[in-house]
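Worksheet: one structure, shown below.
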Amino acid sequence: MRLPVLNQGDSGGGCGGGCPPEPPGDSRRSFLRTTVSVGAGFAALGAALSPLRDLDVDKAFSGDSLLRDHYKELSAEEKARLFADIEAQIDRSYGVKASVGDPQPIPGVEFVYALNLSRCDGNRACVHACVKENNQSRSPEIQYIRVVEMPIGTFDPEHGDHYYGDEETPKPGHFYMPMQCHQCANPPCTKVCPVEATWQEADGITVIDYDWCIGCRYCQAACPYWARRFNWTDPEIPADELNPDMAYLSNRPRSRGVMEKCTFCLQRTRKGRMPACLEACPTGARKFGNILDPSSEVSQILRNKRILVLKEEVGTRPRFFYYFDERGPQPNEGGAA
Amino acid sequence: MSNRPFEVVISWGIPLVLLALAAVMFWSPIELDDPIPAPVHVDRMSLGAHPVRVAMHDPAAIEVASFDVNCNQCHALFEHDSINPPGLTRHNDIVMNHGENSWCFSCHDIEQRQRLALTAGETVGYDEVPRLCGKCHGPTWRDWQRGTHGKTVGSWKTGDERQRRLSCTECHDPHSPAFAAGIPLPGPNTIRMGKHGAHGDDGVHRPLAQWMHHIIDDAHSDGTDH
Amino acid sequence: MRAYARFLYRCFRVSFVGDWRYQLWMLGLTILTLLGINAWARQFTEGLITTGMTDQVSWGLFIANFTYLVGMAAAAVMLVIPVYIYRNKELHDLVIFGELFAVAAIIMCLLFVTVDLGRPDRMHHMLLRFNFPMSLLTWDVLVLNVYLLLNLHICGYLIYCRYRRQEPSRWFYIPFVFISIVWAISIHTVTAFLLVGLGGRPFWNSAIIAPRFLASAFSAGPAFIILTLMAIEWFTTHPVPRKAYMTLRGIVLVAMTINVFLLGSELFTEFYADSAHIASVKYLWFGIHGHDQLVPWIWTALGMNLLALVMLYLPITKSKKLLAPACLLLIVGIWIEKGMGLIVPAFVPTPIGEVVEYMPTANEILICLGIWAFGLLLYTIFVRVTIPVLSGRLVEDQIFHTTPNAAAEFAADQRRTRTQEVPS
């Protein structure tokens with residue numbers, strides 16, 4: 001069938017704009033039809049947007065202001081006002097009186113983490129202590145630390161098991177490799193952020209301004225250690241489990257649609273305390289300290305121990321090191337005889 | 001060729017279709033699936049910063065009938081001979097699992113039960129346990145002194161008053177020093193992670209297992225899919 | 001200014017005019033667009049949890065469509081180069097349809113990036129802190145927007161001149177045409193570099209990705225233009241010379257050959273060396289640890305691409321009847337290969353070895369369909385408006401021919417020419 005051409009006004013009425021030669025009745029009818037169609041279209045557009053009626057703006061976009069400045073441009077007064085707003089928002093949402101601080105890097109301090117692979121027994125206390133300390137979402141679940149059960153004989157985590165736990169650990173013939181943010185000295189994640197919402201601080205901690213992040217997840221794609229997490233929806237934390245000792249750049253509750261990550265518990269460590277994962281570790285496999293202090297434990301480790309830098313070939317220069325002890329198999333590990 | 005009536009149907013049909021669509025979208029009959037798994041319960045007690053066990057203080061004491069009793073209060077009454085663990089009438093809660101070191105007086109001083117025995121008759125108190133352990137565990141003692149073995153809590157700052165390095169026996173049971181194996185805390189349960197592994201227990205390949213876990217779950221309710 | 005506003009108003013009115021097929025087509029696209037908006041509103045309300053993406057596979061269908069459409073947008077240049085550099089006459093009157101498609105494609109790209117954002121309400125942060133030149137994403141935002149403006153300017157200027165019956169001033173558009181040639185290559189290169197620059201993702205961290213991007217774009221893009229020209233020829237009176245198809249067919253053929261060659265080089269390097277970095281490639285082509293969701297897709301894509309290539313090499317595609325299916329196969333094949341096949345496998349396994357597969361949700365697919373429909377809606381309107389302007393029927397000082405007589409004449413005229421050309 002040959003079909004009539006389309007670019008003529010011969011069909012369905014209507015005209016190409018300002019067309020007196022048409023019979024006035026026709027023109028009016030066509031105009032009416034167009035108007036009705038456009039009207040129905042707008043009604044449908046309104047209906048299409050109707051899910052927005054369920055949006056809880058205060059919860060989803062808490063404390064956000066269109067005119068807010070980037071963290072680095074905030075004056076002391078602006079910060080004070082902003083932190084008070086955040087505290088009020090936390091009180092509204094959780095009924096918890098929290099204090100949001102902003103501890104700054106300590107001059108002469110560069111943090112380094114060391115983890116003893118000969119000691120870790122895969123108990124995952126660090127994972128959950130971290131969740132508790134840093135107010136991570138319980139539902140959906142966000143955890144900064146992932147412990148992988150690895151068969152002896154490889155360092156490729158692809159051979160590991162992320163979901164172990166049905167059997168007792170340590171499992172014979174296996175070792176355990178906890179992974180979290182490596183706080184790289186040459187971080188690929190901060191490089192790629194289009195809005196400078198994440199950056200490396202003077203003490204080596206890479207932080208995120210949760211109120212500046214636009215949620216493009218480019219940093220998540222860039223990280224070779226899979227250390228960054230995204231809030232796919234509003235995070236949920238039971239109010240009685242909220243840690244009220246918060247810092248703006250670390251463990252204050254996040255909103256939806258933004259990235260978050262391990263900050264070496266800067267709300268604790270910048271006040272001289274140890275990270276929560278370290279204090280919870282029952283095996284003493286975790287070590288933390290100031291690499292610029294030659295007597296610190298981490299300096300001793302880097303000087304005296306065998307070190308593994310995970311994915312050294314990526315050139316990220318991590319501040320997170322794995323190390324080993326001279327140590328034979330333990331009776332209950334059933335390793336090599 | 002005039003299809004005028006058809007044109008009219010079309011031109012009046014368009015608004016009707018759009019309005020019907022509006023109604024559907026407004027009352028949205030289709031529910032979204034909720035991929036958020038229920039939160040896992042974690043025993044918060046296991047996450048504290050406290051030492052793994054309570055070590056003996058100096059001078060050493062044990063509780064007998066709810067009284068703190070000094071070692072020598074009892075041991076003054078007993079003969080000082082080479083008691084073997086199997087022959088004990090007291091302290092039989094102690095499980096010895098310390099390798100070849102299975103003789104009490106390798107560590108406890110045979111004369112002064114308040115003290116621990118180093119070599120050549122020298123003794124140390126219970127607060128100096130690391131020196132005692134260092135008798136045999138030289139490299140570990142060295143590491144502990146440097147801080148590369150063991151656990152330091154409170155502060156990372158050298159010289160900070162909150163900083164405390166745990167002693168050997170605050171983590172290790174001296175009679176059975178290796179850590180016991182145990183069931184770890186819950187593993188990851190992130191969104192859309194699905195059931196781990198597309199291979200069922202029977203080794204049958206199920207490419208869709210990730211997405212049909214509720215069906216697979218029914219078929220394999222033993223939950224050992226690993 | 002008044003005249004220009006009037007021009008826009010007339011264009012707006014014209015876009016509502018058409019026969020029943022046009023009306024139905026536009027209605028269908030409108031419905032899909034509205035459904036897409038509805039799905040997006042739901043996503044905005046609930047968060048990106050409504051998508052199938054996870055922390056493990058954190059980019060999915062949106063970014064896949066984005067990279068694919070960047071290629072389609074760059075394809076306009078494959079019409080511009082023959083016309084403006086090699087003075088190809090057949091394509092001269094058709095080049096504008098390529099540029100208009102670039103406009104629509106870039107708009108789709110920008111929409112796909114926007115719906116992928118966790119916080120679209122903070123888009124303006126881009127204006128306040130722009131991490132240029134460090135972040136390749138800022139490069140991409142720049143090149144895409146400039147490319148959009150370039151094409152809007154070129155098309156808008158040429159059409160408006162025709163509308164006013166003026167000879168376009170060469171200085172006012174020729175320099176921009178040449179800039180747009182370089183720019184078209186840059187948008188694709190930058191988008192490839194966006195992925196290539198990530199050292200932690202060995203699947204992307206390969207120098208061949210950018211040339212592969214270009215090759216696949218320069219085959220899928222002109223293939224799409226061929227289909228568009230066929231539609232224009234079929235539904236309108238606008239003449240499309242047969243030689244134009246053959247020129248484009250030649251371009252598609254060469255680009256596709258290069259594309260398949262580069263794919264082969266990549267596969268050889270990966271599989272022969274068989275290094276530890278092969279996991280993602282293996283996942284894509286064969287599956288790993290029993291996870292093989294993408295395997296049927298990629299083999300389908302390979303089959304479609306090879307079949308299309310063979311068809312293009314054979315003289316059978318000199319007839320439009322077989323050229324169309326070959327182009328369609330190629331467009332779909334490259335969409336799979338370069339969309340899902342390039343984005344998703346890079347996330348499987350994760351850098352620390354976890355395997356979580358990705359499956360788009362219905363809501364996510366609706367958003368994608370909505371954006372595609374909106375893009376096609378825009379493109380249809382562009383073409384709808386452009387054709388009467390080019391043929392001199394929509395001009396400033398004349399009423400648009402709408403009398404039944406004139407229409408019948410045109411229709412008859414067109415039917416005659418078509419019957420001569422393709423006997424059926």
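Each chain in the structure tokens gets a letter, A, B and so on, in the order shown; residues start at 1 in every chain, and ligands are counted from 1 in the order they appear.
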
Quiz item: Can you list, as a list in words, every protein, DNA or RNA residue that comes within 8 Å of Leu45 of chain A when you count only C-alpha atoms, leaving out same-chain residues fewer than 3 positions away?
Solution: Gly41, Phe42, Ala48 and Leu49 of chain A; Ala22 of chain B; Leu34 and Ile37 of chain C

May I have the residues from that selection written out with C-alpha atoms, as a JSON list (two decimals), in the first residue's frame?
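See out.json below for the written result:
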```json
[["chain", "number", "residue", "atom", "x", "y", "z"],
["A", 41, "GLY", "CA", -0.71, 15.57, 27.74],
["A", 42, "PHE", "CA", -0.17, 17.94, 30.63],
["A", 48, "ALA", "CA", 3.59, 10.90, 35.78],
["A", 49, "LEU", "CA", 5.14, 13.09, 38.45],
["B", 22, "ALA", "CA", -2.63, 9.58, 33.49],
["C", 34, "LEU", "CA", 5.53, 9.90, 30.10],
["C", 37, "ILE", "CA", 9.06, 10.38, 33.57]]
```

Quiz item: Can you tell me, as a list in words, what residues are no more than 12 Å from Asp54 of chain A when counting only C-alpha atoms, ignoring any on the same chain fewer than 4 positions away?
Solution: Leu49, Ser50, Asp58, Lys59 and Ala60 of chain A; Phe26 of chain B; Ala41, Arg42, Gln43, Phe44, Thr45, Glu46 and Gly47 of chain C

Preceding selection exported with N, CA and C atoms as a PDB file, in the first residue's frame:
```
ATOM      1  N   LEU A  49       4.310  12.587  37.346  1.00  0.00           N
ATOM      2  CA  LEU A  49       5.141  13.088  38.446  1.00  0.00           C
ATOM      3  C   LEU A  49       4.526  12.789  39.814  1.00  0.00           C
ATOM      4  N   SER A  50       3.361  12.140  39.806  1.00  0.00           N
ATOM      5  CA  SER A  50       2.649  11.964  41.074  1.00  0.00           C
ATOM      6  C   SER A  50       3.393  11.150  42.129  1.00  0.00           C
ATOM      7  N   ASP A  58      12.282  16.323  54.097  1.00  0.00           N
ATOM      8  CA  ASP A  58      13.177  16.559  55.234  1.00  0.00           C
ATOM      9  C   ASP A  58      14.117  15.382  55.447  1.00  0.00           C
ATOM     10  N   LYS A  59      13.575  14.170  55.241  1.00  0.00           N
ATOM     11  CA  LYS A  59      14.392  12.984  55.449  1.00  0.00           C
ATOM     12  C   LYS A  59      15.394  12.810  54.305  1.00  0.00           C
ATOM     13  N   ALA A  60      14.897  13.005  53.091  1.00  0.00           N
ATOM     14  CA  ALA A  60      15.729  12.707  51.928  1.00  0.00           C
ATOM     15  C   ALA A  60      16.783  13.785  51.693  1.00  0.00           C
TER      16      ALA A  60
ATOM     17  N   PHE B  26      -1.288   7.678  37.975  1.00  0.00           N
ATOM     18  CA  PHE B  26      -1.620   8.329  39.241  1.00  0.00           C
ATOM     19  C   PHE B  26      -1.888   7.293  40.330  1.00  0.00           C
TER      20      PHE B  26
ATOM     21  N   ALA C  41      10.244   9.651  38.389  1.00  0.00           N
ATOM     22  CA  ALA C  41       9.686  10.261  39.599  1.00  0.00           C
ATOM     23  C   ALA C  41       9.723   9.254  40.738  1.00  0.00           C
ATOM     24  N   ARG C  42       9.446   8.000  40.415  1.00  0.00           N
ATOM     25  CA  ARG C  42       9.510   6.965  41.438  1.00  0.00           C
ATOM     26  C   ARG C  42      10.952   6.803  41.936  1.00  0.00           C
ATOM     27  N   GLN C  43      11.891   6.821  40.989  1.00  0.00           N
ATOM     28  CA  GLN C  43      13.301   6.692  41.368  1.00  0.00           C
ATOM     29  C   GLN C  43      13.736   7.865  42.233  1.00  0.00           C
ATOM     30  N   PHE C  44      13.264   9.048  41.898  1.00  0.00           N
ATOM     31  CA  PHE C  44      13.627  10.242  42.662  1.00  0.00           C
ATOM     32  C   PHE C  44      13.065  10.144  44.078  1.00  0.00           C
ATOM     33  N   THR C  45      11.882   9.518  44.190  1.00  0.00           N
ATOM     34  CA  THR C  45      11.241   9.411  45.499  1.00  0.00           C
ATOM     35  C   THR C  45      11.917   8.355  46.370  1.00  0.00           C
ATOM     36  N   GLU C  46      12.241   7.216  45.774  1.00  0.00           N
ATOM     37  CA  GLU C  46      12.765   6.091  46.555  1.00  0.00           C
ATOM     38  C   GLU C  46      14.296   6.098  46.632  1.00  0.00           C
ATOM     39  N   GLY C  47      14.932   6.699  45.685  1.00  0.00           N
ATOM     40  CA  GLY C  47      16.387   6.602  45.583  1.00  0.00           C
ATOM     41  C   GLY C  47      16.755   5.617  44.488  1.00  0.00           C
TER      42      GLY C  47
END
```

Quiz item: Counting only C-alpha atoms, which residues of chain B come no farther than 7 Å from chain A, as an MDAnalysis selection string?
Solution: chainID B and resid 7 11 14:15 18:19 21:22 25:26 36:39 46:49 52 146:148 150:151 153:158 181:191

Quiz prompt | Exercise: segment 111-117 of chain B partners within 9 Å, only C-alpha atoms, chain neighbours under 2 positions left out, as a VMD selection string | solution = chain B and resid 58 to 61 70 to 72 75 to 76 80 105 to 109 119 to 126 128 to 129 132

Counting only C-alpha atoms, what is within 9 Å of Thr247 of chain C, bar same-chain residues fewer than 6 positions away, as an mmCIF file with all heavy atoms, in the first residue's frame?
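Dumped to out31.cif:
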```cif
data_model
loop_
_atom_site.group_PDB
_atom_site.id
_atom_site.type_symbol
_atom_site.label_atom_id
_atom_site.label_comp_id
_atom_site.auth_asym_id
_atom_site.auth_seq_id
_atom_site.Cartn_x
_atom_site.Cartn_y
_atom_site.Cartn_z
ATOM 1 N N PRO C 82 32.449 13.751 4.496
ATOM 2 C CA PRO C 82 32.334 13.637 3.037
ATOM 3 C C PRO C 82 31.839 14.915 2.382
ATOM 4 O O PRO C 82 32.312 15.308 1.317
ATOM 5 C CB PRO C 82 31.318 12.514 2.838
ATOM 6 C CG PRO C 82 31.197 11.813 4.119
ATOM 7 C CD PRO C 82 31.682 12.729 5.193
ATOM 8 N N GLU C 90 25.923 14.084 -3.148
ATOM 9 C CA GLU C 90 24.687 13.367 -2.805
ATOM 10 C C GLU C 90 24.282 13.612 -1.364
ATOM 11 O O GLU C 90 23.110 13.662 -1.032
ATOM 12 C CB GLU C 90 24.852 11.856 -3.020
ATOM 13 C CG GLU C 90 24.987 11.426 -4.451
ATOM 14 C CD GLU C 90 26.401 11.644 -4.968
ATOM 15 O OE1 GLU C 90 27.341 11.527 -4.157
ATOM 16 O OE2 GLU C 90 26.557 11.942 -6.155
ATOM 17 N N LEU C 91 25.304 13.722 -0.533
ATOM 18 C CA LEU C 91 24.995 13.825 0.891
ATOM 19 C C LEU C 91 24.722 15.262 1.310
ATOM 20 O O LEU C 91 24.319 15.517 2.429
ATOM 21 C CB LEU C 91 26.148 13.247 1.714
ATOM 22 C CG LEU C 91 26.275 11.727 1.679
ATOM 23 C CD1 LEU C 91 27.516 11.290 2.431
ATOM 24 C CD2 LEU C 91 25.055 11.078 2.285
#
```

Self-check item: Secondary structure check, alpha helix (DSSP H) residues of segment 60-207 of chain B, as number ranges by chain
Solution: B: 71-75, 129-134, 138-146, 168-171

Next, dump the selected residues to file, keeping only N, CA, C and O atoms, as a short mmCIF file (atom, residue, chain, number, x, y, z; two decimals), in the first residue's frame.
```
data_model
loop_
_atom_site.label_atom_id
_atom_site.label_comp_id
_atom_site.auth_asym_id
_atom_site.auth_seq_id
_atom_site.Cartn_x
_atom_site.Cartn_y
_atom_site.Cartn_z
N CYS B 71 47.70 -16.68 96.83
CA CYS B 71 48.20 -18.02 96.50
C CYS B 71 48.86 -18.71 97.71
O CYS B 71 48.60 -19.87 98.01
N ASN B 72 49.72 -17.92 98.37
CA ASN B 72 50.51 -18.56 99.43
C ASN B 72 49.69 -18.93 100.65
O ASN B 72 50.11 -19.74 101.45
N GLN B 73 48.53 -18.33 100.81
CA GLN B 73 47.68 -18.69 101.93
C GLN B 73 47.36 -20.18 101.91
O GLN B 73 47.24 -20.81 102.93
N CYS B 74 47.16 -20.70 100.68
CA CYS B 74 46.91 -22.13 100.56
C CYS B 74 48.22 -22.91 100.42
O CYS B 74 48.45 -23.90 101.09
N HIS B 75 49.06 -22.35 99.51
CA HIS B 75 50.23 -23.14 99.13
C HIS B 75 51.23 -23.29 100.28
O HIS B 75 52.07 -24.18 100.24
N VAL B 129 54.32 -10.51 83.20
CA VAL B 129 54.15 -11.73 82.42
C VAL B 129 54.94 -11.75 81.11
O VAL B 129 55.56 -12.76 80.77
N PRO B 130 54.98 -10.63 80.34
CA PRO B 130 55.69 -10.69 79.06
C PRO B 130 57.14 -11.16 79.19
O PRO B 130 57.64 -11.88 78.33
N ARG B 131 57.77 -10.78 80.29
CA ARG B 131 59.16 -11.24 80.45
C ARG B 131 59.20 -12.76 80.61
O ARG B 131 60.09 -13.42 80.10
N LEU B 132 58.23 -13.26 81.34
CA LEU B 132 58.17 -14.70 81.53
C LEU B 132 57.96 -15.41 80.18
O LEU B 132 58.69 -16.33 79.83
N CYS B 133 56.97 -14.94 79.43
CA CYS B 133 56.67 -15.59 78.15
C CYS B 133 57.86 -15.50 77.21
O CYS B 133 58.12 -16.39 76.41
N GLY B 134 58.58 -14.36 77.34
CA GLY B 134 59.73 -14.13 76.48
C GLY B 134 60.84 -15.15 76.66
O GLY B 134 61.74 -15.26 75.82
N GLY B 138 60.90 -15.77 72.21
CA GLY B 138 61.79 -14.63 72.03
C GLY B 138 61.33 -13.65 70.96
O GLY B 138 61.13 -12.46 71.25
N PRO B 139 61.15 -14.10 69.72
CA PRO B 139 60.76 -13.16 68.66
C PRO B 139 59.42 -12.47 68.96
O PRO B 139 59.26 -11.28 68.68
N THR B 140 58.50 -13.21 69.56
CA THR B 140 57.20 -12.60 69.86
C THR B 140 57.36 -11.52 70.94
O THR B 140 56.75 -10.46 70.87
N TRP B 141 58.23 -11.86 71.92
CA TRP B 141 58.46 -10.85 72.96
C TRP B 141 59.09 -9.60 72.37
O TRP B 141 58.70 -8.48 72.68
N ARG B 142 60.05 -9.81 71.50
CA ARG B 142 60.69 -8.68 70.81
C ARG B 142 59.62 -7.86 70.07
O ARG B 142 59.56 -6.65 70.17
N ASP B 143 58.76 -8.56 69.34
CA ASP B 143 57.71 -7.87 68.59
C ASP B 143 56.77 -7.12 69.52
O ASP B 143 56.33 -6.01 69.23
N TRP B 144 56.46 -7.75 70.64
CA TRP B 144 55.54 -7.10 71.58
C TRP B 144 56.15 -5.82 72.11
O TRP B 144 55.49 -4.79 72.25
N GLN B 145 57.46 -5.89 72.40
CA GLN B 145 58.12 -4.68 72.90
C GLN B 145 58.10 -3.56 71.89
O GLN B 145 57.90 -2.40 72.22
N ARG B 146 58.26 -3.91 70.62
CA ARG B 146 58.21 -2.90 69.57
C ARG B 146 56.78 -2.45 69.28
O ARG B 146 56.55 -1.43 68.64
N CYS B 168 50.42 -10.14 77.66
CA CYS B 168 50.20 -11.42 76.96
C CYS B 168 48.91 -12.09 77.41
O CYS B 168 48.12 -12.56 76.61
N THR B 169 48.73 -12.09 78.76
CA THR B 169 47.63 -12.89 79.28
C THR B 169 46.30 -12.16 79.25
O THR B 169 45.29 -12.70 79.68
N GLU B 170 46.30 -10.94 78.73
CA GLU B 170 45.00 -10.27 78.54
C GLU B 170 44.34 -10.73 77.25
O GLU B 170 43.17 -10.46 77.01
N CYS B 171 45.11 -11.37 76.39
CA CYS B 171 44.53 -11.95 75.18
C CYS B 171 44.62 -13.47 75.22
O CYS B 171 43.67 -14.16 74.89
#
```

Quiz prompt | DSSP-assigned strand (DSSP E or B) members of segment 139-312 of chain A, reported as a ChimeraX atom specification | solution = /A:146-151,161,169,174-179,198-200,206-208,228-230,245-247,259-261,286-290,306-308

Can those selected residues be exported to a file as a CSV table (one decimal), in the first residue's frame so that it contains N, CA, C and O atoms?
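Once everything was written out, this is selection-v9.csv:
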```csv
chain,number,residue,atom,x,y,z
A,146,ARG,N,35.5,-5.4,54.4
A,146,ARG,CA,35.1,-6.7,53.9
A,146,ARG,C,36.3,-7.7,54.2
A,146,ARG,O,37.4,-7.4,53.8
A,147,VAL,N,36.0,-8.8,54.9
A,147,VAL,CA,37.0,-9.8,55.2
A,147,VAL,C,36.8,-10.9,54.2
A,147,VAL,O,35.7,-11.4,54.0
A,148,VAL,N,37.9,-11.4,53.6
A,148,VAL,CA,37.8,-12.4,52.6
A,148,VAL,C,38.6,-13.6,53.1
A,148,VAL,O,39.7,-13.5,53.6
A,149,GLU,N,38.0,-14.8,53.0
A,149,GLU,CA,38.6,-16.0,53.4
A,149,GLU,C,39.4,-16.5,52.2
A,149,GLU,O,38.8,-16.9,51.2
A,150,MET,N,40.7,-16.6,52.4
A,150,MET,CA,41.6,-16.9,51.2
A,150,MET,C,42.2,-18.3,51.4
A,150,MET,O,42.7,-18.6,52.5
A,151,PRO,N,42.3,-19.1,50.4
A,151,PRO,CA,43.0,-20.3,50.5
A,151,PRO,C,44.5,-20.0,50.5
A,151,PRO,O,44.9,-19.1,49.8
A,161,ASP,N,36.6,-16.3,49.6
A,161,ASP,CA,35.2,-16.4,49.9
A,161,ASP,C,34.8,-15.2,50.7
A,161,ASP,O,35.3,-15.0,51.8
A,169,THR,N,36.0,-20.4,62.2
A,169,THR,CA,37.2,-19.8,61.7
A,169,THR,C,38.2,-19.8,62.8
A,169,THR,O,37.8,-19.7,64.0
A,174,HIS,N,43.5,-21.9,55.3
A,174,HIS,CA,43.0,-20.6,54.9
A,174,HIS,C,43.6,-19.5,55.7
A,174,HIS,O,44.0,-19.7,56.9
A,175,PHE,N,43.7,-18.3,55.1
A,175,PHE,CA,44.0,-17.1,55.9
A,175,PHE,C,42.9,-16.1,55.6
A,175,PHE,O,42.1,-16.2,54.7
A,176,TYR,N,42.9,-15.0,56.4
A,176,TYR,CA,41.8,-14.0,56.3
A,176,TYR,C,42.4,-12.7,55.9
A,176,TYR,O,43.4,-12.2,56.5
A,177,MET,N,41.8,-12.0,55.0
A,177,MET,CA,42.3,-10.8,54.5
A,177,MET,C,41.2,-9.7,54.6
A,177,MET,O,40.3,-9.6,53.7
A,178,PRO,N,41.2,-8.9,55.6
A,178,PRO,CA,40.3,-7.8,55.7
A,178,PRO,C,40.7,-6.6,54.7
A,178,PRO,O,41.9,-6.3,54.6
A,179,MET,N,39.7,-6.1,54.0
A,179,MET,CA,40.0,-5.0,53.1
A,179,MET,C,39.1,-3.8,53.4
A,179,MET,O,37.9,-4.0,53.7
A,198,THR,N,35.3,15.0,47.3
A,198,THR,CA,36.1,14.2,48.1
A,198,THR,C,37.6,14.6,47.8
A,198,THR,O,38.0,14.9,46.7
A,199,TRP,N,38.3,14.6,48.9
A,199,TRP,CA,39.7,15.0,48.8
A,199,TRP,C,40.5,14.4,49.9
A,199,TRP,O,40.0,13.8,50.9
A,200,GLN,N,41.9,14.5,49.8
A,200,GLN,CA,42.8,14.0,50.8
A,200,GLN,C,43.2,15.0,51.7
A,200,GLN,O,43.6,16.1,51.3
A,206,THR,N,41.3,10.4,53.3
A,206,THR,CA,40.5,10.9,52.2
A,206,THR,C,39.1,10.9,52.7
A,206,THR,O,38.5,10.0,53.2
A,207,VAL,N,38.5,12.1,52.6
A,207,VAL,CA,37.2,12.4,53.2
A,207,VAL,C,36.2,12.7,52.1
A,207,VAL,O,36.6,13.0,51.0
A,208,ILE,N,34.9,12.7,52.5
A,208,ILE,CA,33.8,13.1,51.5
A,208,ILE,C,33.0,14.2,52.2
A,208,ILE,O,32.6,14.0,53.4
A,228,ARG,N,34.5,2.2,48.5
A,228,ARG,CA,33.5,3.2,48.6
A,228,ARG,C,32.1,2.6,48.5
A,228,ARG,O,31.9,1.7,47.8
A,229,ARG,N,31.2,3.2,49.3
A,229,ARG,CA,29.8,2.7,49.4
A,229,ARG,C,28.9,3.8,49.0
A,229,ARG,O,29.1,5.0,49.3
A,230,PHE,N,27.8,3.4,48.4
A,230,PHE,CA,26.8,4.4,48.0
A,230,PHE,C,25.5,4.2,48.8
A,230,PHE,O,25.1,3.1,49.1
A,245,ASP,N,28.7,10.7,69.1
A,245,ASP,CA,29.9,11.4,69.0
A,245,ASP,C,30.3,11.5,67.5
A,245,ASP,O,30.8,10.5,67.0
A,246,MET,N,30.0,12.6,66.8
A,246,MET,CA,30.0,12.6,65.4
A,246,MET,C,31.0,13.7,64.9
A,246,MET,O,31.3,14.7,65.6
A,247,ALA,N,31.4,13.5,63.7
A,247,ALA,CA,32.2,14.6,63.0
A,247,ALA,C,31.6,14.8,61.6
A,247,ALA,O,31.0,13.9,61.0
A,259,MET,N,28.0,9.2,48.4
A,259,MET,CA,29.0,8.2,48.7
A,259,MET,C,29.4,8.3,50.2
A,259,MET,O,29.3,9.3,50.8
A,260,GLU,N,29.9,7.2,50.7
A,260,GLU,CA,30.6,7.3,52.0
A,260,GLU,C,31.7,6.2,52.0
A,260,GLU,O,31.8,5.4,51.1
A,261,LYS,N,32.6,6.3,53.0
A,261,LYS,CA,33.8,5.5,53.0
A,261,LYS,C,34.4,5.5,54.4
A,261,LYS,O,34.1,6.4,55.2
A,286,ARG,N,45.4,-5.7,64.2
A,286,ARG,CA,45.3,-4.4,63.6
A,286,ARG,C,46.2,-3.4,64.3
A,286,ARG,O,46.2,-3.3,65.6
A,287,LYS,N,46.9,-2.6,63.6
A,287,LYS,CA,47.9,-1.6,64.1
A,287,LYS,C,47.7,-0.3,63.5
A,287,LYS,O,47.5,-0.2,62.2
A,288,PHE,N,47.7,0.8,64.2
A,288,PHE,CA,47.5,2.1,63.7
A,288,PHE,C,48.4,3.1,64.4
A,288,PHE,O,48.7,3.0,65.5
A,289,GLY,N,48.8,4.1,63.6
A,289,GLY,CA,49.6,5.1,64.2
A,289,GLY,C,50.1,6.2,63.3
A,289,GLY,O,49.7,6.2,62.1
A,290,ASN,N,51.0,7.0,63.8
A,290,ASN,CA,51.6,8.1,63.0
A,290,ASN,C,52.9,7.6,62.4
A,290,ASN,O,53.9,7.3,63.1
A,306,ARG,N,57.9,-7.9,57.1
A,306,ARG,CA,57.7,-8.1,55.7
A,306,ARG,C,56.3,-7.5,55.4
A,306,ARG,O,55.3,-7.8,56.1
A,307,ILE,N,56.3,-6.7,54.3
A,307,ILE,CA,55.1,-5.9,54.0
A,307,ILE,C,54.5,-6.4,52.7
A,307,ILE,O,55.2,-6.7,51.8
A,308,LEU,N,53.2,-6.4,52.7
A,308,LEU,CA,52.5,-6.6,51.4
A,308,LEU,C,51.7,-5.4,51.1
A,308,LEU,O,50.9,-4.9,52.0
```

Practice problem: Find the residues around Trp204 of chain C up to 9 Å (only C-alpha atoms counted), leave out those fewer than 2 positions away in its own chain, and share them as a ChimeraX atom specification. | Solution: /C:192,195-202,206-207,209,342-343,346

Quiz item: Using only C-alpha atoms, which chain C residues lie at most 7 Å away from chain B, written as a list of chain:residue names?
Solution: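 That gives the following set of residues: C:Trp20, C:Leu27, C:Asn38, C:Thr54, C:Gly290, C:His291, C:Asp292, C:Gln293, C:Val356.
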
Quiz item: Which residues, written as a PyMOL selection string, have at least one atom at most 10 Å from Ile107 of chain C, with only C-alpha atoms counted and residues fewer than 5 positions away on the same chain left out?
Solution: chain C and resi 69-70+73+101-102+112+144-145+148+371+374-375+378

Quiz item: Distance atom CA of Asp93 of chain B-atom CA of Pro172 of chain A, one decimal place?
Solution: 27.8 Å

Exercise. Using atom CA of Val344 of chain C and atom CA of Ala210 of chain C as the two end points, give the distance in Å to one decimal.
Key: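 One can read the atom CA of Val344 of chain C to atom CA of Ala210 of chain C distance as 17.2 Å.
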